[in-house]
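What's in coords05.cif: mmCIF, C-alpha atoms
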data_query
#
loop_
_atom_site.label_atom_id
_atom_site.label_comp_id
_atom_site.auth_asym_id
_atom_site.auth_seq_id
_atom_site.Cartn_x
_atom_site.Cartn_y
_atom_site.Cartn_z
CA MET A 1499 31.66 -3.82 1.82
CA SER A 1500 28.37 -5.54 1.25
CA PRO A 1501 26.45 -4.48 -1.84
CA ARG A 1502 23.66 -1.93 -1.67
CA ARG A 1503 20.30 -3.61 -1.33
CA ALA A 1504 17.39 -2.89 -3.63
CA VAL A 1505 13.78 -3.97 -3.84
CA VAL A 1506 12.78 -4.49 -7.47
CA LEU A 1507 9.10 -4.54 -8.40
CA LEU A 1508 8.91 -7.43 -10.82
CA SER A 1509 5.64 -8.01 -12.66
CA GLY A 1510 7.14 -10.41 -15.15
CA GLY A 1511 6.60 -7.95 -17.96
CA LEU A 1512 9.27 -6.63 -20.29
CA ASP A 1513 9.85 -3.38 -18.41
CA SER A 1514 10.16 -4.72 -14.88
CA SER A 1515 12.33 -7.62 -16.07
CA THR A 1516 14.65 -5.11 -17.71
CA CYS A 1517 14.60 -3.10 -14.51
CA LEU A 1518 15.77 -6.12 -12.55
CA LEU A 1519 18.78 -6.47 -14.82
CA VAL A 1520 19.50 -2.73 -14.51
CA ALA A 1521 19.49 -3.05 -10.71
CA ARG A 1522 21.99 -5.89 -10.96
CA ARG A 1523 24.11 -3.90 -13.38
CA ASP A 1524 24.02 -1.04 -10.84
CA GLY A 1525 25.65 -3.44 -8.39
CA CYS A 1526 22.63 -3.95 -6.15
CA GLU A 1527 21.75 -7.02 -4.16
CA VAL A 1528 18.30 -7.60 -5.67
CA HIS A 1529 15.20 -8.48 -3.66
CA ALA A 1530 12.43 -9.09 -6.18
CA LEU A 1531 8.80 -8.39 -5.29
CA SER A 1532 5.84 -9.63 -7.32
CA PHE A 1533 2.10 -9.40 -6.71
CA ASP A 1534 -0.82 -11.68 -7.24
CA TYR A 1535 -3.76 -9.28 -7.37
CA GLY A 1536 -6.10 -11.50 -9.33
CA GLN A 1537 -4.79 -10.30 -12.68
CA ARG A 1538 -6.07 -12.26 -15.65
CA HIS A 1539 -2.55 -12.33 -17.06
CA ALA A 1540 -1.19 -14.45 -14.22
CA VAL A 1541 1.25 -16.01 -16.68
CA GLU A 1542 3.33 -12.93 -15.76
CA LEU A 1543 4.02 -14.46 -12.37
CA GLU A 1544 5.27 -17.70 -13.91
CA ARG A 1545 7.65 -15.67 -16.06
CA ALA A 1546 8.76 -13.63 -13.03
CA ARG A 1547 9.59 -16.85 -11.18
CA ALA A 1548 11.43 -18.23 -14.19
CA LEU A 1549 13.45 -15.05 -14.66
CA VAL A 1550 14.53 -14.99 -11.02
CA GLU A 1551 15.46 -18.63 -11.25
CA ARG A 1552 17.55 -17.92 -14.34
CA VAL A 1553 19.38 -14.77 -13.27
CA GLY A 1554 19.28 -15.13 -9.49
CA ALA A 1555 18.21 -12.79 -6.70
CA ALA A 1556 18.80 -12.60 -2.97
CA ALA A 1557 15.07 -13.20 -2.48
CA HIS A 1558 11.79 -13.26 -4.36
CA ARG A 1559 8.47 -12.67 -2.62
CA ILE A 1560 5.09 -12.96 -4.28
CA ILE A 1561 2.49 -11.12 -2.24
CA ARG A 1562 -1.22 -11.63 -2.57
CA ILE A 1563 -3.04 -8.28 -2.68
CA ASP A 1564 -6.72 -8.08 -2.06
CA VAL A 1565 -7.93 -5.40 -4.49
CA PRO A 1566 -11.41 -4.03 -3.91
CA GLY A 1567 -14.04 -5.54 -6.13
CA PRO A 1568 -15.62 -4.79 -8.45
CA SER A 1569 -12.61 -2.81 -9.51
CA ALA A 1570 -14.04 -2.18 -12.94
CA SER A 1571 -10.61 -2.85 -14.38
CA ALA A 1572 -10.33 -5.07 -17.40
CA LEU A 1573 -7.17 -6.54 -15.84
CA THR A 1574 -8.92 -8.01 -12.83
CA ASP A 1575 -12.60 -8.22 -13.72
CA ARG A 1576 -13.20 -10.96 -16.25
CA SER A 1577 -16.57 -9.48 -17.20
CA VAL A 1578 -14.83 -6.39 -18.62
CA PRO A 1579 -13.22 -7.16 -21.97
CA VAL A 1580 -9.65 -6.05 -22.61
CA PRO A 1581 -9.84 -3.42 -25.37
CA ARG A 1582 -8.01 -4.08 -28.61
CA ASP A 1583 -6.39 -1.65 -31.02
CA GLN A 1584 -7.03 1.41 -28.87
CA LEU A 1585 -3.50 2.55 -28.30
CA GLY A 1586 -2.91 6.28 -28.51
CA GLN A 1587 -6.31 7.40 -27.29
CA ASP A 1588 -6.16 10.17 -24.77
CA ALA A 1589 -8.17 8.67 -21.92
CA ILE A 1590 -6.71 6.53 -19.16
CA PRO A 1591 -7.64 3.02 -20.34
CA ILE A 1592 -10.03 0.55 -18.72
CA THR A 1593 -7.05 -1.66 -17.91
CA TYR A 1594 -6.13 0.84 -15.17
CA VAL A 1595 -6.18 -0.83 -11.72
CA PRO A 1596 -7.06 1.58 -8.89
CA ALA A 1597 -3.96 2.80 -7.06
CA ARG A 1598 -1.97 -0.23 -8.20
CA ASN A 1599 1.47 1.32 -8.09
CA THR A 1600 0.62 3.03 -4.80
CA LEU A 1601 -0.07 -0.41 -3.34
CA PHE A 1602 2.99 -1.98 -4.96
CA LEU A 1603 5.30 0.80 -3.79
CA ALA A 1604 3.84 0.73 -0.26
CA HIS A 1605 4.74 -2.96 0.00
CA ALA A 1606 8.16 -2.30 -1.52
CA VAL A 1607 8.91 0.42 1.03
CA ALA A 1608 7.73 -1.77 3.91
CA TRP A 1609 10.03 -4.55 2.76
CA GLY A 1610 12.84 -2.12 1.94
CA GLU A 1611 12.70 -0.70 5.44
CA THR A 1612 12.89 -4.18 6.93
CA LEU A 1613 15.80 -5.15 4.69
CA GLY A 1614 17.67 -1.89 4.91
CA ALA A 1615 17.20 -1.41 1.18
CA PRO A 1616 16.94 2.26 0.21
CA ASP A 1617 16.48 1.74 -3.52
CA ILE A 1618 13.09 0.76 -4.90
CA TYR A 1619 13.25 -0.06 -8.61
CA ILE A 1620 10.10 0.25 -10.68
CA GLY A 1621 9.79 -0.27 -14.42
CA ALA A 1622 7.48 2.73 -14.84
CA ASN A 1623 7.65 4.35 -18.22
CA ALA A 1624 6.02 7.63 -19.19
CA LEU A 1625 6.76 7.64 -22.90
CA ASP A 1626 5.55 4.53 -24.73
CA TYR A 1627 3.02 3.60 -22.08
CA SER A 1628 -0.68 3.13 -21.58
CA GLY A 1629 -1.31 6.48 -19.91
CA TYR A 1630 -1.60 5.27 -16.34
CA PRO A 1631 -1.31 8.17 -13.86
CA ASP A 1632 0.79 6.10 -11.46
CA CYS A 1633 3.60 5.75 -14.00
CA ARG A 1634 4.30 9.48 -14.20
CA PRO A 1635 7.35 11.13 -12.62
CA GLU A 1636 5.26 13.54 -10.54
CA PHE A 1637 3.53 10.62 -8.83
CA LEU A 1638 6.78 8.75 -8.20
CA GLU A 1639 8.37 11.87 -6.70
CA ALA A 1640 5.38 12.47 -4.43
CA PHE A 1641 5.40 8.86 -3.28
CA GLU A 1642 9.13 8.96 -2.57
CA ARG A 1643 8.58 11.99 -0.38
CA ALA A 1644 5.76 10.25 1.51
CA ALA A 1645 7.93 7.15 1.98
CA ASN A 1646 10.71 9.14 3.58
CA LEU A 1647 8.33 11.02 5.86
CA GLY A 1648 6.32 7.97 6.89
CA THR A 1649 9.00 5.46 7.83
CA LYS A 1650 11.19 5.16 10.88
CA ALA A 1651 14.30 4.57 8.77
CA GLY A 1652 13.49 7.59 6.61
CA VAL A 1653 12.82 9.94 9.51
CA GLU A 1654 15.85 8.77 11.48
CA GLY A 1655 18.00 9.27 8.41
CA ARG A 1656 19.20 5.65 8.29
CA LEU A 1657 17.69 5.14 4.85
CA ALA A 1658 16.93 7.70 2.18
CA PHE A 1659 14.41 5.94 0.02
CA ARG A 1660 14.82 6.49 -3.68
CA ILE A 1661 12.18 5.41 -6.13
CA ARG A 1662 14.30 4.48 -9.11
CA ALA A 1663 12.58 4.37 -12.47
CA PRO A 1664 15.44 3.90 -14.92
CA LEU A 1665 13.10 3.34 -17.86
CA LEU A 1666 10.95 6.40 -17.19
CA ARG A 1667 12.03 8.42 -20.21
CA LEU A 1668 13.00 5.65 -22.61
CA THR A 1669 11.00 4.66 -25.65
CA LYS A 1670 9.89 1.05 -25.86
CA ALA A 1671 12.52 0.52 -28.55
CA GLU A 1672 15.21 1.85 -26.23
CA ILE A 1673 13.98 -0.47 -23.49
CA VAL A 1674 14.16 -3.45 -25.84
CA ALA A 1675 17.69 -2.48 -26.87
CA LEU A 1676 18.77 -1.96 -23.25
CA ALA A 1677 17.32 -5.33 -22.25
CA ALA A 1678 19.03 -7.06 -25.16
CA GLY A 1679 22.32 -5.47 -24.15
CA LEU A 1680 21.87 -6.76 -20.60
CA GLY A 1681 21.21 -10.26 -21.92
CA LEU A 1682 17.53 -10.53 -21.04
CA ASP A 1683 15.96 -13.72 -22.36
CA PHE A 1684 12.74 -12.23 -23.72
CA ARG A 1685 11.02 -15.60 -23.57
CA LEU A 1686 11.01 -15.19 -19.78
CA THR A 1687 8.80 -12.09 -20.01
CA SER A 1688 5.13 -11.60 -20.78
CA SER A 1689 3.52 -8.29 -21.67
CA CYS A 1690 0.03 -9.28 -22.84
CA TYR A 1691 -3.00 -8.23 -20.77
CA ASP A 1692 -5.16 -11.02 -22.09
CA PRO A 1693 -2.99 -14.01 -22.95
CA ARG A 1694 -4.32 -17.21 -24.50
CA PRO A 1695 -4.72 -20.24 -22.25
CA ASP A 1696 -1.26 -21.48 -23.27
CA GLY A 1697 0.29 -18.11 -22.29
CA ARG A 1698 0.85 -16.80 -25.82
CA PRO A 1699 0.11 -13.09 -26.37
CA CYS A 1700 -3.20 -11.95 -27.88
CA GLY A 1701 -1.46 -9.51 -30.22
CA GLY A 1702 -4.11 -6.80 -29.98
CA CYS A 1703 -4.14 -5.29 -26.49
CA ASP A 1704 -2.29 -2.06 -25.66
CA ALA A 1705 0.55 -3.99 -24.07
CA CYS A 1706 1.01 -6.25 -27.10
CA LEU A 1707 0.91 -3.29 -29.49
CA LEU A 1708 3.48 -1.36 -27.47
CA ARG A 1709 5.76 -4.39 -27.26
CA GLU A 1710 5.46 -5.07 -30.97
CA LYS A 1711 6.28 -1.43 -31.78
CA GLY A 1712 9.30 -1.52 -29.47
CA PHE A 1713 10.81 -4.66 -30.99
CA ARG A 1714 10.11 -3.45 -34.51
CA GLU A 1715 11.76 -0.08 -33.95
CA ALA A 1716 14.71 -1.71 -32.17
CA GLY A 1717 15.16 -4.08 -35.10
CA ILE A 1718 15.03 -7.09 -32.83
CA GLU A 1719 12.81 -10.12 -33.24
CA ASP A 1720 10.50 -10.91 -30.33
CA PRO A 1721 10.94 -14.61 -29.59
CA LEU A 1722 7.42 -14.74 -28.10
CA LEU A 1723 5.98 -14.25 -31.58
CA LYS A 1724 7.86 -17.18 -33.07
CA TYR A 1725 5.59 -19.86 -31.76
CA MET B 678 -28.67 13.78 -2.98
CA SER B 679 -26.81 10.72 -1.84
CA PRO B 680 -24.42 11.19 1.07
CA ARG B 681 -20.71 11.70 0.53
CA ARG B 682 -18.85 8.45 0.78
CA ALA B 683 -15.88 7.93 3.06
CA VAL B 684 -13.44 5.13 3.73
CA VAL B 685 -12.65 4.91 7.44
CA LEU B 686 -9.55 3.07 8.59
CA LEU B 687 -10.81 1.12 11.58
CA SER B 688 -8.30 -0.75 13.67
CA GLY B 689 -10.71 -1.35 16.51
CA GLY B 690 -8.71 0.94 18.79
CA LEU B 691 -10.08 3.95 20.60
CA ASP B 692 -8.90 6.52 18.05
CA SER B 693 -10.12 4.85 14.88
CA SER B 694 -13.44 3.95 16.51
CA THR B 695 -13.91 7.60 17.44
CA CYS B 696 -12.97 8.51 13.89
CA LEU B 697 -15.73 6.29 12.54
CA LEU B 698 -18.28 8.13 14.64
CA VAL B 699 -16.86 11.48 13.51
CA ALA B 700 -17.25 10.43 9.87
CA ARG B 701 -20.88 9.54 10.55
CA ARG B 702 -21.43 12.84 12.35
CA ASP B 703 -19.95 14.56 9.28
CA GLY B 704 -22.78 12.97 7.29
CA CYS B 705 -20.66 10.46 5.41
CA GLU B 706 -21.72 7.07 4.16
CA VAL B 707 -19.09 5.04 5.98
CA HIS B 708 -17.09 2.21 4.40
CA ALA B 709 -14.96 0.73 7.16
CA LEU B 710 -11.61 -0.87 6.38
CA SER B 711 -9.68 -3.07 8.79
CA PHE B 712 -6.47 -5.05 8.39
CA ASP B 713 -5.25 -8.38 9.55
CA TYR B 714 -1.47 -8.02 9.37
CA GLY B 715 -0.59 -10.69 11.88
CA GLN B 716 -0.82 -8.30 14.83
CA ARG B 717 -0.64 -9.97 18.21
CA HIS B 718 -3.52 -7.81 19.37
CA ALA B 719 -6.00 -9.39 16.98
CA VAL B 720 -8.74 -8.79 19.54
CA GLU B 721 -8.85 -5.35 17.87
CA LEU B 722 -10.47 -6.94 14.85
CA GLU B 723 -13.18 -8.55 16.96
CA ARG B 724 -13.93 -5.16 18.47
CA ALA B 725 -13.94 -3.52 15.03
CA ARG B 726 -16.50 -6.07 13.85
CA ALA B 727 -18.60 -5.57 16.96
CA LEU B 728 -18.52 -1.78 16.62
CA VAL B 729 -19.61 -1.89 12.98
CA GLU B 730 -22.37 -4.30 13.93
CA ARG B 731 -23.53 -1.94 16.65
CA VAL B 732 -23.41 1.39 14.83
CA GLY B 733 -23.76 0.25 11.23
CA ALA B 734 -21.76 0.99 8.09
CA ALA B 735 -22.39 0.68 4.37
CA ALA B 736 -19.65 -1.94 4.25
CA HIS B 737 -16.80 -3.37 6.30
CA ARG B 738 -13.84 -5.06 4.70
CA ILE B 739 -11.06 -6.81 6.57
CA ILE B 740 -8.02 -7.17 4.36
CA ARG B 741 -5.18 -9.54 5.03
CA ILE B 742 -1.83 -7.81 4.53
CA ASP B 743 1.32 -9.78 4.14
CA VAL B 744 3.95 -7.76 6.02
CA PRO B 745 7.57 -8.66 5.37
CA GLY B 746 9.06 -10.88 8.03
CA PRO B 747 10.95 -10.65 10.22
CA SER B 748 9.57 -7.17 10.63
CA ALA B 749 11.35 -6.70 13.94
CA SER B 750 8.21 -5.07 15.28
CA ALA B 751 6.95 -6.11 18.67
CA LEU B 752 3.42 -5.90 17.26
CA THR B 753 3.87 -8.68 14.73
CA ASP B 754 6.90 -10.65 15.88
CA ARG B 755 6.04 -12.67 18.95
CA SER B 756 9.73 -13.13 19.78
CA VAL B 757 10.05 -9.38 20.42
CA PRO B 758 8.52 -8.40 23.76
CA VAL B 759 6.18 -5.42 23.92
CA PRO B 760 7.96 -2.83 26.09
CA ARG B 761 6.28 -1.67 29.26
CA ASP B 762 6.40 1.70 31.00
CA GLN B 763 8.46 3.35 28.29
CA LEU B 764 6.08 6.09 27.25
CA GLY B 765 7.65 9.49 26.64
CA GLN B 766 11.02 8.30 25.44
CA ASP B 767 12.28 10.09 22.39
CA ALA B 768 12.95 7.18 20.08
CA ILE B 769 10.40 5.65 17.76
CA PRO B 770 9.34 2.54 19.68
CA ILE B 771 9.86 -1.10 18.77
CA THR B 772 6.11 -1.43 18.26
CA TYR B 773 6.54 0.52 15.01
CA VAL B 774 5.44 -1.59 12.02
CA PRO B 775 7.32 -0.71 8.80
CA ALA B 776 5.28 1.57 6.56
CA ARG B 777 2.03 0.47 8.19
CA ASN B 778 -0.01 3.59 7.53
CA THR B 779 1.43 3.80 4.02
CA LEU B 780 0.04 0.32 3.36
CA PHE B 781 -3.27 1.07 5.08
CA LEU B 782 -3.75 4.34 3.20
CA ALA B 783 -2.80 2.74 -0.12
CA HIS B 784 -5.58 0.20 0.35
CA ALA B 785 -7.99 2.92 1.46
CA VAL B 786 -7.28 5.00 -1.64
CA ALA B 787 -7.67 1.96 -3.91
CA TRP B 788 -11.04 1.21 -2.36
CA GLY B 789 -12.01 4.88 -2.25
CA GLU B 790 -11.35 5.24 -5.95
CA THR B 791 -13.50 2.21 -6.69
CA LEU B 792 -16.33 3.46 -4.47
CA GLY B 793 -16.11 7.09 -5.50
CA ALA B 794 -15.21 8.00 -1.93
CA PRO B 795 -12.93 11.06 -1.74
CA ASP B 796 -12.61 11.15 2.03
CA ILE B 797 -10.22 8.82 3.82
CA TYR B 798 -10.56 9.01 7.59
CA ILE B 799 -7.63 7.97 9.73
CA GLY B 800 -7.41 8.17 13.51
CA ALA B 801 -3.83 9.42 13.44
CA ASN B 802 -2.85 11.56 16.38
CA ALA B 803 0.35 13.52 16.72
CA LEU B 804 -0.02 14.72 20.28
CA ASP B 805 -0.59 11.91 22.80
CA TYR B 806 0.83 9.21 20.57
CA SER B 807 3.64 6.71 20.43
CA GLY B 808 5.89 8.73 18.15
CA TYR B 809 5.24 6.83 14.93
CA PRO B 810 6.42 8.82 11.91
CA ASP B 811 3.40 7.80 9.85
CA CYS B 812 1.02 9.58 12.24
CA ARG B 813 2.49 13.02 11.59
CA PRO B 814 0.73 15.69 9.51
CA GLU B 815 3.66 16.06 7.09
CA PHE B 816 3.40 12.39 6.16
CA LEU B 817 -0.37 12.53 5.75
CA GLU B 818 -0.09 15.60 3.51
CA ALA B 819 2.60 13.97 1.38
CA PHE B 820 0.53 10.83 1.02
CA GLU B 821 -2.57 12.80 0.05
CA ARG B 822 -0.60 14.49 -2.69
CA ALA B 823 0.69 11.14 -3.99
CA ALA B 824 -2.85 9.72 -3.92
CA ASN B 825 -4.19 12.52 -6.07
CA LEU B 826 -1.32 12.25 -8.55
CA GLY B 827 -1.36 8.46 -8.77
CA THR B 828 -5.03 7.70 -9.35
CA LYS B 829 -7.23 8.01 -12.40
CA ALA B 830 -10.01 9.67 -10.41
CA GLY B 831 -7.56 12.13 -8.89
CA VAL B 832 -5.90 13.06 -12.17
CA GLU B 833 -9.17 13.36 -14.05
CA GLY B 834 -10.54 15.57 -11.30
CA ARG B 835 -13.47 13.31 -10.48
CA LEU B 836 -12.29 12.82 -6.91
CA ALA B 837 -10.08 15.04 -4.81
CA PHE B 838 -8.80 12.68 -2.17
CA ARG B 839 -8.61 14.14 1.29
CA ILE B 840 -6.84 12.34 4.08
CA ARG B 841 -8.93 13.39 7.06
CA ALA B 842 -7.34 13.06 10.46
CA PRO B 843 -9.84 14.75 12.78
CA LEU B 844 -7.98 13.62 15.91
CA LEU B 845 -4.57 14.80 14.74
CA ARG B 846 -4.18 17.66 17.17
CA LEU B 847 -6.33 16.44 20.05
CA THR B 848 -5.00 15.18 23.35
CA LYS B 849 -6.03 11.70 24.39
CA ALA B 850 -8.35 13.27 26.94
CA GLU B 851 -10.02 15.33 24.23
CA ILE B 852 -10.44 12.20 22.12
CA VAL B 853 -12.05 10.37 25.03
CA ALA B 854 -14.41 13.30 25.61
CA LEU B 855 -15.25 13.55 21.91
CA ALA B 856 -15.95 9.82 21.74
CA ALA B 857 -18.13 9.96 24.83
CA GLY B 858 -20.08 12.83 23.30
CA LEU B 859 -20.65 10.80 20.15
CA GLY B 860 -21.91 7.87 22.20
CA LEU B 861 -19.04 5.46 21.64
CA ASP B 862 -19.38 2.30 23.69
CA PHE B 863 -15.80 2.04 24.91
CA ARG B 864 -16.21 -1.68 25.57
CA LEU B 865 -16.22 -2.13 21.79
CA THR B 866 -12.67 -0.79 21.50
CA SER B 867 -9.29 -2.23 22.38
CA SER B 868 -6.08 -0.25 22.65
CA CYS B 869 -3.63 -2.70 24.23
CA TYR B 870 -0.68 -3.93 22.16
CA ASP B 871 -0.30 -7.10 24.17
CA PRO B 872 -3.69 -8.17 25.50
CA ARG B 873 -4.24 -11.16 27.74
CA PRO B 874 -5.68 -14.31 26.20
CA ASP B 875 -9.17 -13.21 27.25
CA GLY B 876 -8.73 -9.84 25.52
CA ARG B 877 -8.23 -7.72 28.65
CA PRO B 878 -5.55 -5.00 28.46
CA CYS B 879 -2.07 -5.56 29.90
CA GLY B 880 -2.05 -2.15 31.56
CA GLY B 881 1.63 -1.44 30.91
CA CYS B 882 2.27 -0.97 27.20
CA ASP B 883 2.42 2.49 25.60
CA ALA B 884 -1.10 2.15 24.29
CA CYS B 885 -2.52 1.19 27.68
CA LEU B 886 -0.67 4.04 29.38
CA LEU B 887 -1.90 6.59 26.85
CA ARG B 888 -5.44 5.32 27.14
CA GLU B 889 -5.34 5.41 30.93
CA LYS B 890 -3.99 8.97 30.88
CA GLY B 891 -6.71 10.05 28.46
CA PHE B 892 -9.57 8.65 30.53
CA ARG B 893 -8.11 10.00 33.75
CA GLU B 894 -7.68 13.51 32.35
CA ALA B 895 -11.15 13.43 30.81
CA GLY B 896 -12.62 12.36 34.12
CA ILE B 897 -14.31 9.37 32.55
CA GLU B 898 -14.08 5.79 33.75
CA ASP B 899 -12.76 3.28 31.22
CA PRO B 900 -15.19 0.36 31.27
CA LEU B 901 -12.42 -1.96 30.04
CA LEU B 902 -10.74 -1.63 33.43
CA LYS B 903 -13.81 -2.66 35.35
CA TYR B 904 -13.44 -6.36 34.83
#
So that I can check it, write out the structure of this file as structure tokens.
Amino acid sequence: MSPRRAVVLLSGGLDSSTCLLVARRDGCEVHALSFDYGQRHAVELERARALVERVGAAAHRIIRIDVPGPSASALTDRSVPVPRDQLGQDAIPITYVPARNTLFLAHAVAWGETLGAPDIYIGANALDYSGYPDCRPEFLEAFERAANLGTKAGVEGRLAFRIRAPLLRLTKAEIVALAAGLGLDFRLTSSCYDPRPDGRPCGGCDACLLREKGFREAGIEDPLLKY
Amino acid sequence: MSPRRAVVLLSGGLDSSTCLLVARRDGCEVHALSFDYGQRHAVELERARALVERVGAAAHRIIRIDVPGPSASALTDRSVPVPRDQLGQDAIPITYVPARNTLFLAHAVAWGETLGAPDIYIGANALDYSGYPDCRPEFLEAFERAANLGTKAGVEGRLAFRIRAPLLRLTKAEIVALAAGLGLDFRLTSSCYDPRPDGRPCGGCDACLLREKGFREAGIEDPLLKY
């Protein structure tokens, strides 16, 4: 019997890289999907490529997405500074990219339907996260429903799409521990929203602060901070 | 008071062109959105441009979408012939493009959020249509729900996205009559899936057959058939 196919959304960050290893552990044939949407932290994509090269995948596509401009997101608009030391505020941060996971999941479902891959893995996390609405379980459930109603394979019952978010209810420390257990080489990930020209993390953005907290609480040293 | 903004999905076909005029009649400031997804009927995009030039819009974006290949759709894969004279069969036809409206709507919501445009117009029709699952009301409702849960503007209550499908329950004849009443120049539309090199319709694909039926029942002459 051939293995179950899965599309794994792979940003090159810690969470999605862990997710890729979870999909492999689950026995899936992994088809990795990354996006170039003009993000200022494009070093992510280099790490995504390197990770796939290291651990292997049936395929890896990097899709260019044309996001509407000005998006007024600090992740894509270089005139908007990435905020520092603002973690834990209630508002959805300025690093939010309009409908990003909706776009990513739409592409994943399109590819999944073509491949015959019912499982779509996404590294969404609703615990130690930046507060993005498109990382919450209620959104993922609603999207899964739409995917099954809006595809030929879903309607004909050949595929039952499942949006799998295995990290959804883990703390960042638990994600770090899980990744370590699965043998993830953390040097092949990048979390920072605003990396230095040489790719090293800034240390102050939400993503850096969350990553630092996760490693600290897991009692594991982050190799990215060694250099 | 400034007019309500709307994103209108404009393929350049009869239905979406009618939809654009409906959005204008509804008093919306229209932002038209078209897609280049490698469709063999790219003459649609020329017509979409010409229509926007004729009737005006606040903006018109044409986004390139990278659909997974081989998609096994006759609309994007030139090795798959477009079927002729098959209208009315039960199965979802080979011209189905995986998750196409999911991708289109995802882009529309991303742009709508950026613009502050709550209304997304789509020319979906569930009566005289090809049987695509992503034209059915249950899909559109599910997607609307996902859009409101997965966007900052939706969650914060600043925008309540509405997927508006004003043609959903009209026959093709009713669409033709509506379009005529709104002054649509039918020469600026193209419905054929497999047009001749000069852009003229093939006359035999599902889309041509549906269009022909609609004009005939509406008692209106299709100017595209005059040449």
On this file, the PyMOL selection byres ((chain B) within 6 of (chain A)) gives some set of residues; write that set as a PDB file with C-alpha atoms, in the coordinates of the input.
ATOM      1  CA  PRO B 745       7.570  -8.660   5.370  1.00  0.00           C
ATOM      2  CA  SER B 748       9.570  -7.170  10.630  1.00  0.00           C
ATOM      3  CA  PRO B 775       7.320  -0.710   8.800  1.00  0.00           C
ATOM      4  CA  ALA B 776       5.280   1.570   6.560  1.00  0.00           C
ATOM      5  CA  THR B 779       1.430   3.800   4.020  1.00  0.00           C
ATOM      6  CA  LEU B 780       0.040   0.320   3.360  1.00  0.00           C
ATOM      7  CA  ALA B 783      -2.800   2.740  -0.120  1.00  0.00           C
ATOM      8  CA  ALA B 787      -7.670   1.960  -3.910  1.00  0.00           C
ATOM      9  CA  TRP B 788     -11.040   1.210  -2.360  1.00  0.00           C
ATOM     10  CA  THR B 791     -13.500   2.210  -6.690  1.00  0.00           C
ATOM     11  CA  PRO B 810       6.420   8.820  11.910  1.00  0.00           C
ATOM     12  CA  ASP B 811       3.400   7.800   9.850  1.00  0.00           C
ATOM     13  CA  PHE B 816       3.400  12.390   6.160  1.00  0.00           C
ATOM     14  CA  ALA B 819       2.600  13.970   1.380  1.00  0.00           C
ATOM     15  CA  PHE B 820       0.530  10.830   1.020  1.00  0.00           C
ATOM     16  CA  ALA B 823       0.690  11.140  -3.990  1.00  0.00           C
ATOM     17  CA  LEU B 826      -1.320  12.250  -8.550  1.00  0.00           C
ATOM     18  CA  GLY B 827      -1.360   8.460  -8.770  1.00  0.00           C
ATOM     19  CA  THR B 828      -5.030   7.700  -9.350  1.00  0.00           C
TER      20      THR B 828
END
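Look at Glu851 in chain B: the protein and nucleic acid residues within 8 Å of it, using all atoms listed in the file and passing over chain neighbours fewer than 4 places away, are Leu847, Leu855, Gly891 and Ala895 of chain B.
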Per-residue nearest contacts of range 1587-1623 of chain A to range 1514-1519 of chain A (9 Å; only C-alpha atoms) as a tab-separated table:
residue	atom	partner	partner_atom	distance
A:Tyr1619	CA	A:Cys1517	CA	6.8
A:Ile1620	CA	A:Ser1514	CA	6.5
A:Gly1621	CA	A:Ser1514	CA	4.5
A:Ala1622	CA	A:Ser1514	CA	7.9
Using C-alpha atoms, can you export the residues from the last selection as a short mmCIF file (atom, residue, chain, number, x, y, z; two decimals), in the coordinates of the input?
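Contents of part-v3.cif, as written:
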data_model
loop_
_atom_site.label_atom_id
_atom_site.label_comp_id
_atom_site.auth_asym_id
_atom_site.auth_seq_id
_atom_site.Cartn_x
_atom_site.Cartn_y
_atom_site.Cartn_z
CA TYR A 1619 13.25 -0.06 -8.61
CA ILE A 1620 10.10 0.25 -10.68
CA GLY A 1621 9.79 -0.27 -14.42
CA ALA A 1622 7.48 2.73 -14.84
#
Using the chain letters and numbers from the file, give me the residues hit by the PyMOL selection byres ((chain B and resi 725) around 12), as a ChimeraX atom specification.
/B:685-695,697,709-713,719-724,726-734,737-739,862-868
Within 10 Å of Arg893 in chain B, counting only C-alpha atoms, which residues show up once you throw out same-chain ones fewer than 4 positions away? Write them as a list in words, please.
Lys849, Ala850, Val853, Leu887, Arg888, Glu889, Ile897, Glu898 and Asp899 of chain B
Which residue is closest to His718 in chain B? Choose from B:Arg835, B:Thr772, B:Leu861, B:Ala854 and count only C-alpha atoms.
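Among the listed residues, the smallest separation from His718 in chain B belongs to B:Thr772.
Residues lying within 8 Å of range 872-882 of chain B, counting only C-alpha atoms and ignoring same-chain neighbours fewer than 5 positions away, are B:His718, B:Val720, B:Val759, B:Pro760, B:Arg761, B:Asp762, B:Gln763, B:Ser867, B:Leu901, B:Leu902.
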Pairwise distance for CA of Phe1713 in chain A and CA of Pro1579 in chain A, rounded to one decimal in Å:
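Atom-to-atom, CA of Phe1713 in chain A to CA of Pro1579 in chain A, that is 25.8 Å.
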Just give me the gap between CA of Val1505 in chain A and CA of Ile771 in chain B in Å, one decimal is fine.
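CA of Ile771 in chain B lies at a distance of 23.1 Å from CA of Val1505 in chain A.
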Range 703-706 of chain B environment, 8 Å, only C-alpha atoms, sequence neighbours closer than 5 positions dropped, as a PyMOL selection string
chain B and resi 680-683+734-735
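Pairwise distance (CA of Ile840 in chain B, CA of Arg701 in chain B) equals 15.7 Å.
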